[in-house]
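Dumped upload-v9.cif below, it's mmCIF, C-alpha atoms:
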data_entry
loop_
_atom_site.label_atom_id
_atom_site.label_comp_id
_atom_site.auth_asym_id
_atom_site.auth_seq_id
_atom_site.Cartn_x
_atom_site.Cartn_y
_atom_site.Cartn_z
CA MET A 1 25.19 -33.93 -9.32
CA ALA A 2 23.60 -36.12 -6.68
CA GLU A 3 19.85 -36.13 -6.29
CA LEU A 4 18.45 -34.34 -3.29
CA SER A 5 16.48 -36.27 -0.75
CA LYS A 6 12.88 -35.25 -0.09
CA PHE A 7 14.03 -33.75 3.20
CA ASP A 8 16.65 -31.61 1.45
CA GLU A 9 14.13 -30.50 -1.18
CA LEU A 10 11.68 -29.50 1.52
CA ARG A 11 14.37 -27.68 3.48
CA LEU A 12 15.43 -25.71 0.39
CA LYS A 13 11.82 -24.85 -0.44
CA THR A 14 11.19 -23.73 3.14
CA GLY A 15 14.35 -21.62 3.08
CA ARG A 16 13.28 -19.89 -0.13
CA GLU A 17 9.80 -19.23 1.25
CA LEU A 18 11.27 -17.86 4.47
CA ALA A 19 13.51 -15.52 2.45
CA GLN A 20 10.44 -14.37 0.48
CA LEU A 21 8.54 -13.73 3.71
CA ILE A 22 11.45 -11.74 5.12
CA ASN A 23 11.73 -9.70 1.92
CA HIS A 24 8.01 -8.96 2.09
CA GLU A 25 8.34 -7.80 5.72
CA LEU A 26 11.35 -5.64 4.79
CA ASP A 27 9.37 -4.07 1.93
CA LEU A 28 6.51 -3.38 4.32
CA GLY A 29 8.83 -1.90 6.93
CA ALA A 30 10.57 0.36 4.40
CA ARG A 31 7.24 1.56 3.02
CA GLU A 32 5.94 2.31 6.52
CA ALA A 33 9.19 4.09 7.43
CA ARG A 34 8.92 6.28 4.31
CA LEU A 35 5.29 7.06 5.15
CA ALA A 36 6.32 7.98 8.70
CA LEU A 37 8.83 10.50 7.37
CA ALA A 38 6.29 12.01 4.97
CA ALA A 39 3.19 11.99 7.19
CA ASP A 40 1.85 15.36 8.28
CA PRO A 41 0.11 14.90 11.61
CA TRP A 42 2.63 13.53 14.07
CA THR A 43 0.18 10.93 15.37
CA VAL A 44 -0.20 9.47 11.87
CA ALA A 45 3.57 9.47 11.41
CA GLU A 46 3.97 7.72 14.74
CA SER A 47 1.56 4.92 13.76
CA HIS A 48 3.52 4.32 10.53
CA HIS A 49 6.74 4.31 12.53
CA LEU A 50 5.34 1.73 14.95
CA ARG A 51 4.36 -0.56 12.06
CA ALA A 52 7.86 -0.19 10.61
CA GLN A 53 9.34 -1.05 14.02
CA ARG A 54 7.17 -4.18 14.22
CA ALA A 55 8.39 -5.28 10.79
CA TYR A 56 11.98 -4.68 11.89
CA ALA A 57 11.48 -6.75 15.05
CA SER A 58 9.85 -9.57 13.09
CA VAL A 59 12.65 -9.69 10.52
CA SER A 60 15.30 -9.53 13.24
CA ARG A 61 13.89 -12.75 14.69
CA LEU A 62 13.54 -14.49 11.31
CA ILE A 63 16.89 -13.73 9.65
CA PRO A 64 18.88 -16.12 11.87
CA LEU A 65 16.64 -18.92 10.60
CA VAL A 66 17.69 -18.40 6.98
CA ASP A 67 20.07 -21.12 5.92
CA GLU A 68 23.18 -19.80 4.18
CA THR A 69 22.94 -22.64 1.67
CA THR A 70 19.66 -21.22 0.30
CA ASP A 71 21.26 -19.09 -2.42
CA GLY A 72 23.10 -17.08 0.27
CA PRO A 73 20.39 -14.47 0.90
CA ALA A 74 21.25 -13.89 4.56
CA ALA A 75 23.87 -11.22 3.80
CA ARG A 76 21.49 -9.35 1.49
CA LEU A 77 18.71 -9.58 4.05
CA ASP A 78 21.04 -8.30 6.77
CA ALA A 79 21.96 -5.33 4.57
CA ARG A 80 18.29 -4.53 3.97
CA LEU A 81 17.59 -4.85 7.70
CA THR A 82 20.41 -2.37 8.38
CA GLN A 83 18.86 0.05 5.87
CA LEU A 84 15.51 -0.24 7.63
CA ARG A 85 17.18 0.43 10.99
CA GLU A 86 18.78 3.56 9.51
CA MET A 87 15.39 4.73 8.22
CA LEU A 88 13.86 4.19 11.65
CA ASP A 89 16.71 6.04 13.32
CA GLY A 90 16.26 8.90 10.84
CA TRP A 91 12.63 9.25 11.87
CA VAL A 92 13.63 9.46 15.51
CA ARG A 93 16.00 12.32 14.70
CA ALA A 94 13.36 14.13 12.63
CA GLU A 95 11.59 17.11 14.08
CA ARG A 96 8.83 16.50 16.56
CA PRO A 97 6.03 18.91 17.33
CA LEU A 98 7.04 21.26 20.09
CA LYS A 99 5.32 20.52 23.35
CA SER A 100 3.40 23.22 25.14
CA GLN A 101 5.05 24.90 28.11
CA GLU A 102 2.70 22.96 30.45
CA GLU A 103 3.73 19.62 28.95
CA LEU A 104 7.42 20.54 29.18
CA HIS A 105 6.98 21.64 32.78
CA ALA A 106 5.17 18.38 33.66
CA VAL A 107 7.99 16.30 32.17
CA CYS A 108 10.89 18.11 33.80
CA CYS A 109 9.43 19.14 37.16
#

Please express what this file holds, its structure, as structure tokens.
Amino acid sequence: MAELSKFDELRLKTGRELAQLINHELDLGAREARLALAADPWTVAESHHLRAQRAYASVSRLIPLVDETTDGPAARLDARLTQLREMLDGWVRAERPLKSQEELHAVCC
């Protein structure tokens, strides 16, 4: 096997570190999404959901930077990102507190 140049070594190391960063963000997003589904006051749930959305947005921007030659993690990361999106979508479909008649009237009329 041919020796890697310093540039290639650095690129591989950077790719691995980027994959670790993305995995950390995905873990954070999944944890926040789970907390959003379990939180009691809706305002607390909403703040967890917003943090999960930020993690999703961050990972969405970073995944294209992962080089496929770095142990091929891009497909696994994409799958985890899809799972996070499904968790976020599940929260959106979850029950929301009913608005008062005044709030409903203000929105529709």

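Every residue that the PyMOL selection byres ((chain A and resi 18) around 10) selects in this file is listed here: Leu12, Lys13, Thr14, Gly15, Arg16, Glu17, Ala19, Gln20, Leu21, Ile22, Asn23, His24, Leu62, Ile63, Leu65, Val66, Asp67 and Thr70 of chain A.
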
Review point. Between A:Thr82, A:Val59, A:Pro64, A:His48, which has the minimum distance to Arg34 in chain A (counting all atoms listed in the file)?
Key: A:His48

Exercise for review: For the structure shown, which residues end up in the PyMOL selection byres ((chain A and resi 45) around 12)? Put them as a list in words, please?
Suggested key: Glu32, Ala33, Arg34, Leu35, Ala36, Leu37, Ala38, Ala39, Asp40, Pro41, Trp42, Thr43, Val44, Glu46, Ser47, His48, His49, Leu50, Arg51, Ala52, Leu88, Trp91, Val92, Ala94, Glu95, Arg96 and Pro97 of chain A

Check your understanding: Quick one: residues within 10 Å of Leu84 in chain A, all atoms listed in the file counted, chain neighbours fewer than 5 positions away excluded, as a PyMOL selection string?
Key -> chain A and resi 26-27+29-34+52-53+55-56+78-79+89-90

Exercise for review: Take CA of Arg54 in chain A and CA of Ala74 in chain A and report the distance between them in Å, one decimal.
Suggested key: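 According to the coordinates, CA of Arg54 in chain A and CA of Ala74 in chain A are separated by 19.6 Å.
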
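Here CA of Arg93 in chain A is placed at a distance of 24.5 Å from CA of Leu77 in chain A.
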
Review point. What is the distance between CA of Ala75 in chain A and CA of Glu9 in chain A, in Å to one decimal?
Key: 22.2 Å

Model the absent atoms of range 49-62 of chain A so that N, CA and C atoms are present, and write the result as a PDB file, keeping the file's coordinate frame.
ATOM      1  N   HIS A  49       5.447   4.664  11.943  1.00  0.00           N
ATOM      2  CA  HIS A  49       6.740   4.310  12.530  1.00  0.00           C
ATOM      3  C   HIS A  49       6.620   3.046  13.375  1.00  0.00           C
ATOM      4  N   LEU A  50       5.545   2.928  14.135  1.00  0.00           N
ATOM      5  CA  LEU A  50       5.340   1.730  14.950  1.00  0.00           C
ATOM      6  C   LEU A  50       5.200   0.479  14.097  1.00  0.00           C
ATOM      7  N   ARG A  51       4.486   0.598  12.963  1.00  0.00           N
ATOM      8  CA  ARG A  51       4.360  -0.560  12.060  1.00  0.00           C
ATOM      9  C   ARG A  51       5.716  -0.923  11.465  1.00  0.00           C
ATOM     10  N   ALA A  52       6.518   0.078  11.143  1.00  0.00           N
ATOM     11  CA  ALA A  52       7.860  -0.190  10.610  1.00  0.00           C
ATOM     12  C   ALA A  52       8.720  -0.864  11.682  1.00  0.00           C
ATOM     13  N   GLN A  53       8.587  -0.428  12.928  1.00  0.00           N
ATOM     14  CA  GLN A  53       9.340  -1.050  14.020  1.00  0.00           C
ATOM     15  C   GLN A  53       8.925  -2.515  14.211  1.00  0.00           C
ATOM     16  N   ARG A  54       7.636  -2.794  14.095  1.00  0.00           N
ATOM     17  CA  ARG A  54       7.170  -4.180  14.220  1.00  0.00           C
ATOM     18  C   ARG A  54       7.763  -5.052  13.116  1.00  0.00           C
ATOM     19  N   ALA A  55       7.801  -4.528  11.898  1.00  0.00           N
ATOM     20  CA  ALA A  55       8.390  -5.280  10.790  1.00  0.00           C
ATOM     21  C   ALA A  55       9.869  -5.532  11.051  1.00  0.00           C
ATOM     22  N   TYR A  56      10.568  -4.522  11.568  1.00  0.00           N
ATOM     23  CA  TYR A  56      11.980  -4.680  11.890  1.00  0.00           C
ATOM     24  C   TYR A  56      12.182  -5.781  12.939  1.00  0.00           C
ATOM     25  N   ALA A  57      11.362  -5.745  13.983  1.00  0.00           N
ATOM     26  CA  ALA A  57      11.480  -6.750  15.050  1.00  0.00           C
ATOM     27  C   ALA A  57      11.207  -8.151  14.509  1.00  0.00           C
ATOM     28  N   SER A  58      10.204  -8.269  13.669  1.00  0.00           N
ATOM     29  CA  SER A  58       9.850  -9.570  13.090  1.00  0.00           C
ATOM     30  C   SER A  58      11.003 -10.114  12.244  1.00  0.00           C
ATOM     31  N   VAL A  59      11.559  -9.266  11.395  1.00  0.00           N
ATOM     32  CA  VAL A  59      12.650  -9.690  10.520  1.00  0.00           C
ATOM     33  C   VAL A  59      13.890 -10.028  11.341  1.00  0.00           C
ATOM     34  N   SER A  60      14.135  -9.254  12.385  1.00  0.00           N
ATOM     35  CA  SER A  60      15.300  -9.530  13.240  1.00  0.00           C
ATOM     36  C   SER A  60      15.246 -10.930  13.833  1.00  0.00           C
ATOM     37  N   ARG A  61      14.039 -11.389  14.140  1.00  0.00           N
ATOM     38  CA  ARG A  61      13.890 -12.750  14.690  1.00  0.00           C
ATOM     39  C   ARG A  61      13.986 -13.815  13.607  1.00  0.00           C
ATOM     40  N   LEU A  62      13.583 -13.489  12.378  1.00  0.00           N
ATOM     41  CA  LEU A  62      13.540 -14.490  11.310  1.00  0.00           C
ATOM     42  C   LEU A  62      14.868 -14.682  10.581  1.00  0.00           C
TER      43      LEU A  62
END
